[in-house]
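Asks: Quick one: the structure is below, questions incoming.
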Amino acid sequence: MSYKKHIKSILGSNRHVSFELFPPRTNQGLRQIYKSIAQLQKLGPDFFSVTYGAGGSTAERSLDVASAITNLASQTCVAHFTCVGMDRPQVLALLGQLEFHGINNVLALRGDPPQGAEQFVRPENGFAYASELVAFIRENAPHLGILVAGYPEGHMENPDKENDFRRLVDKVKAGADGIVTQAFFENRYLFDFAQKLDQAKVTVPLLAGIFLFSNARQVTRIFELSGGKMPAKLEAGIKKWGEDADAMQKFGTEFAIEQVDDLVSQGFGHFHFYTMNRSDQAREVLQALEHHFPRLRFD
Ligand SMILES: Cc1cc2nc3c(=O)[nH]c(=O)nc-3n(C[C@H](O)[C@H](O)[C@H](O)COP(=O)(O)OP(=O)(O)OC[C@H]3O[C@@H](n4cnc5c(N)ncnc54)[C@H](O)[C@@H]3O)c2cc1C
């Protein structure tokens with residue numbers, strides 16, 4: 001069925017658009033996410049992705065949302081999948097659940113340490129790194145499409161950036177079909193990252209992670225979590241509009257339009273939008289760049 005496309009066939013084309021959602025914790029949030037899915041699917045994206053276990057959300061809700069996207073909205077879905085708190089039999093069980101729900105793509109991650117824990121600890125009979133999870137999924141569910149996470153500015157836990165980059169290459173060699181980047185706010189990071197991947201002869205597609213922000217807190221939190229330094233342009237915008245909700249949203253929309261426009265003009269074609277479960281900003285950004293995305297629909 002067309003809505004159960006393998007990620008490889010989607011990324012085979014030179015341009016794609018996808019939307020990331022997170023499973024909400026409240027019933028109000030659940031209502032909002034389904035409204036957003038309905039709106040976003042009208043645009044004709046190539047796939048959705050649903051986070052797993054991030055920010056204290058439950059695994060059940062991730063599966064519920066990913067299944068609804070696949071089976072009710074008839075959209076291709078990539079289910080995020082972490083190593084947190086799971087041993088090998090549990091990983092196999094979750095793979096079986098995904099298969100049962102018709103979800104045939106995953107974003108394989110190590111996951112963050114559980115709240116309160118300082119370091120990630122390998123679960124007993126489980127995995128310590130995403131590369132191990134990728135290899136296990138490749139072996140036990142070879143039909144699945146697999147994406148992995150990439151960090152243009154480096155992963156915050158590894159101070160040795162070259163070593164961190166080699167770990168990413170290992171992850172791809174273990175069987176990944178593509179790399180989705182962490183949100184970045186200066187395109188030079190993506191250009192350098194793409195060049196390094198080229199030099200390392202990594203040929204799988206690189207999906208630029210574009211963060212759609214509508215308030216100052218969302219942005220500052222990203223930098224708290226990633227340990228990166230906020231670029232001056234972003235800092236200045238937050239200082240100017242941070243207290244004004246409408247102005248800040250407009251700033252977020254214009255920031256993303258400019259960022260994506262520049263990336264397309266430099267030859268990038270794969271865009272994964274962090275939607276924060278909203279549809280309005282994604283629509284505004286893509287409509288402003290309609291000329292770059294002729295396959296999308298805005299009626
Ligand atoms: C696009 C994207 C989506 C995400 N979605 C989610 C989500 O849904 N749920 C969630 O909980 N989190 C999510 N995260 C966050 C992610 O789980 C964290 O960033 C986590 O800290 C690292 O995950 P990883 O898969 O990149 O880990 P890995 O690739 O395993 O790397 C983790 C760290 O270990 C190091 N390392 C890797 N292999 C080795 C090795 N063999 N020996 C020594 N060191 C090694 C790396 O350099 C890095 O510092 C997402 C991140 C991104 C970019």
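By order of appearance in the structure tokens: chains A, B, ..., then residues from 1 within every chain, and ligands from 1 in the order shown.
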Kindly work out which residues sit at most 6 Å from ligand 1, using only C-alpha atoms and all ligand atoms, and give the list as a list in words.

Replies: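 Here is the list of contacting residues: Thr51, Tyr52, Gly53, Ala54, His80, Leu109, Arg110, Gly111, Asp112, Tyr129, Ala130, Ala149, Gly150, His155, Glu157, Asn158, Asp164, Arg167, Val180, Thr181 and Gln182 of chain A.
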
Asks: Extract, using only C-alpha atoms, all DNA, RNA and protein residues at most 10 Å from Asp64 of chain A, discarding same-chain residues fewer than 4 positions from it, and format them as an mmCIF file with C-alpha atoms, in the first residue's frame.

Replies:
data_model
loop_
_atom_site.group_PDB
_atom_site.id
_atom_site.type_symbol
_atom_site.label_atom_id
_atom_site.label_comp_id
_atom_site.auth_asym_id
_atom_site.auth_seq_id
_atom_site.Cartn_x
_atom_site.Cartn_y
_atom_site.Cartn_z
ATOM 1 C CA PRO A 23 2.798 12.005 21.788
ATOM 2 C CA VAL A 50 6.471 10.132 16.196
ATOM 3 C CA ALA A 59 5.430 4.236 24.897
ATOM 4 C CA GLU A 60 1.735 3.353 24.524
ATOM 5 C CA ALA A 68 -3.392 6.279 13.889
ATOM 6 C CA ILE A 69 -1.147 8.040 11.368
ATOM 7 C CA THR A 70 -0.613 4.778 9.503
ATOM 8 C CA HIS A 101 0.271 -1.981 13.221
#

Asks: Counting only C-alpha atoms, which of A:Glu235, A:Asp46, A:Glu254, A:Glu290 gets nearest to Ala216 of chain A?

Replies: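 Of all the options, A:Glu235 lies closest to Ala216 of chain A.
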
Asks: Can you list, as number ranges by chain, all residues belonging to segment 20-223 of chain A that DSSP tags as strand (DSSP E or B)?

Replies: A: 20-21, 47-50, 77-82, 105-109, 145-150, 178-181, 206-211

Asks: Mind writing the picked residues with N, CA and C atoms as a tab-separated table (two decimals), in the first residue's frame?

Replies:
chain	number	residue	atom	x	y	z
A	20	GLU	N	7.67	15.93	12.24
A	20	GLU	CA	7.80	15.19	13.51
A	20	GLU	C	6.76	15.66	14.52
A	21	LEU	N	6.18	14.68	15.20
A	21	LEU	CA	5.19	14.95	16.24
A	21	LEU	C	5.65	14.24	17.51
A	47	PHE	N	6.25	11.75	4.84
A	47	PHE	CA	6.00	10.91	6.03
A	47	PHE	C	5.89	11.74	7.29
A	48	PHE	N	5.38	11.10	8.32
A	48	PHE	CA	5.35	11.68	9.67
A	48	PHE	C	6.33	10.86	10.52
A	49	SER	N	6.82	11.45	11.60
A	49	SER	CA	7.53	10.62	12.57
A	49	SER	C	6.97	10.95	13.96
A	50	VAL	N	7.03	9.96	14.85
A	50	VAL	CA	6.47	10.13	16.20
A	50	VAL	C	7.55	9.78	17.22
A	77	CYS	N	4.56	6.37	8.27
A	77	CYS	CA	5.02	6.82	9.58
A	77	CYS	C	6.35	6.18	9.96
A	78	VAL	N	7.21	6.99	10.55
A	78	VAL	CA	8.47	6.49	11.11
A	78	VAL	C	8.32	6.55	12.63
A	79	ALA	N	8.40	5.41	13.27
A	79	ALA	CA	8.27	5.36	14.73
A	79	ALA	C	9.65	5.49	15.35
A	80	HIS	N	9.85	6.48	16.24
A	80	HIS	CA	11.12	6.56	16.95
A	80	HIS	C	11.19	5.37	17.91
A	81	PHE	N	12.41	4.90	18.14
A	81	PHE	CA	12.59	3.65	18.88
A	81	PHE	C	13.87	3.80	19.68
A	82	THR	N	13.80	3.76	21.01
A	82	THR	CA	15.01	3.94	21.81
A	82	THR	C	15.43	2.65	22.51
A	105	ASN	N	8.85	1.67	9.33
A	105	ASN	CA	10.07	2.46	9.40
A	105	ASN	C	10.30	2.89	10.84
A	106	VAL	N	11.58	2.92	11.25
A	106	VAL	CA	11.89	3.39	12.60
A	106	VAL	C	13.02	4.41	12.55
A	107	LEU	N	13.08	5.24	13.59
A	107	LEU	CA	14.25	6.09	13.83
A	107	LEU	C	14.90	5.49	15.06
A	108	ALA	N	16.03	4.80	14.86
A	108	ALA	CA	16.66	4.03	15.95
A	108	ALA	C	17.60	4.92	16.75
A	109	LEU	N	17.33	5.02	18.06
A	109	LEU	CA	18.05	5.94	18.94
A	109	LEU	C	18.51	5.23	20.20
A	145	GLY	N	12.57	0.04	7.39
A	145	GLY	CA	13.41	1.17	7.03
A	145	GLY	C	13.99	1.74	8.33
A	146	ILE	N	15.26	2.13	8.32
A	146	ILE	CA	15.88	2.62	9.56
A	146	ILE	C	16.56	3.97	9.33
A	147	LEU	N	16.14	4.94	10.15
A	147	LEU	CA	16.84	6.23	10.19
A	147	LEU	C	17.62	6.30	11.49
A	148	VAL	N	18.64	7.15	11.52
A	148	VAL	CA	19.37	7.39	12.77
A	148	VAL	C	19.54	8.89	12.96
A	149	ALA	N	19.91	9.29	14.19
A	149	ALA	CA	20.09	10.70	14.50
A	149	ALA	C	21.51	11.16	14.23
A	150	GLY	N	21.65	12.38	13.71
A	150	GLY	CA	22.97	12.96	13.47
A	150	GLY	C	23.04	14.34	14.12
A	178	GLY	N	19.23	6.39	6.39
A	178	GLY	CA	19.27	7.85	6.31
A	178	GLY	C	19.59	8.43	7.68
A	179	ILE	N	20.00	9.72	7.68
A	179	ILE	CA	20.37	10.41	8.93
A	179	ILE	C	19.48	11.64	9.08
A	180	VAL	N	18.81	11.76	10.24
A	180	VAL	CA	18.02	12.96	10.52
A	180	VAL	C	18.81	13.81	11.50
A	181	THR	N	18.98	15.09	11.19
A	181	THR	CA	19.79	15.90	12.10
A	181	THR	C	18.97	16.46	13.25
A	206	LEU	N	20.78	12.72	3.88
A	206	LEU	CA	20.86	13.52	5.11
A	206	LEU	C	19.60	14.39	5.18
A	207	LEU	N	18.83	14.22	6.24
A	207	LEU	CA	17.57	14.96	6.39
A	207	LEU	C	17.81	16.13	7.35
A	208	ALA	N	17.60	17.34	6.86
A	208	ALA	CA	17.84	18.53	7.70
A	208	ALA	C	16.69	18.68	8.69
A	209	GLY	N	16.99	18.71	9.97
A	209	GLY	CA	15.96	18.87	11.00
A	209	GLY	C	15.70	20.36	11.24
A	210	ILE	N	14.53	20.82	10.84
A	210	ILE	CA	14.19	22.26	10.93
A	210	ILE	C	13.19	22.47	12.07
A	211	PHE	N	13.61	23.24	13.04
A	211	PHE	CA	12.78	23.46	14.22
A	211	PHE	C	11.85	24.65	13.99

Asks: Set the distance at 9 Å and use only C-alpha atoms: which residues neighbour Met86 of chain A once local chain neighbours fewer than 5 positions away are removed? I'd like the list as a VMD selection string.

Replies: chain A and resid 91 123 to 127

Asks: What is the atom CA of Ile222 of chain A to atom CA of Tyr151 of chain A distance in Å?

Replies: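 Separation between atom CA of Ile222 of chain A and atom CA of Tyr151 of chain A: 12.9 Å.
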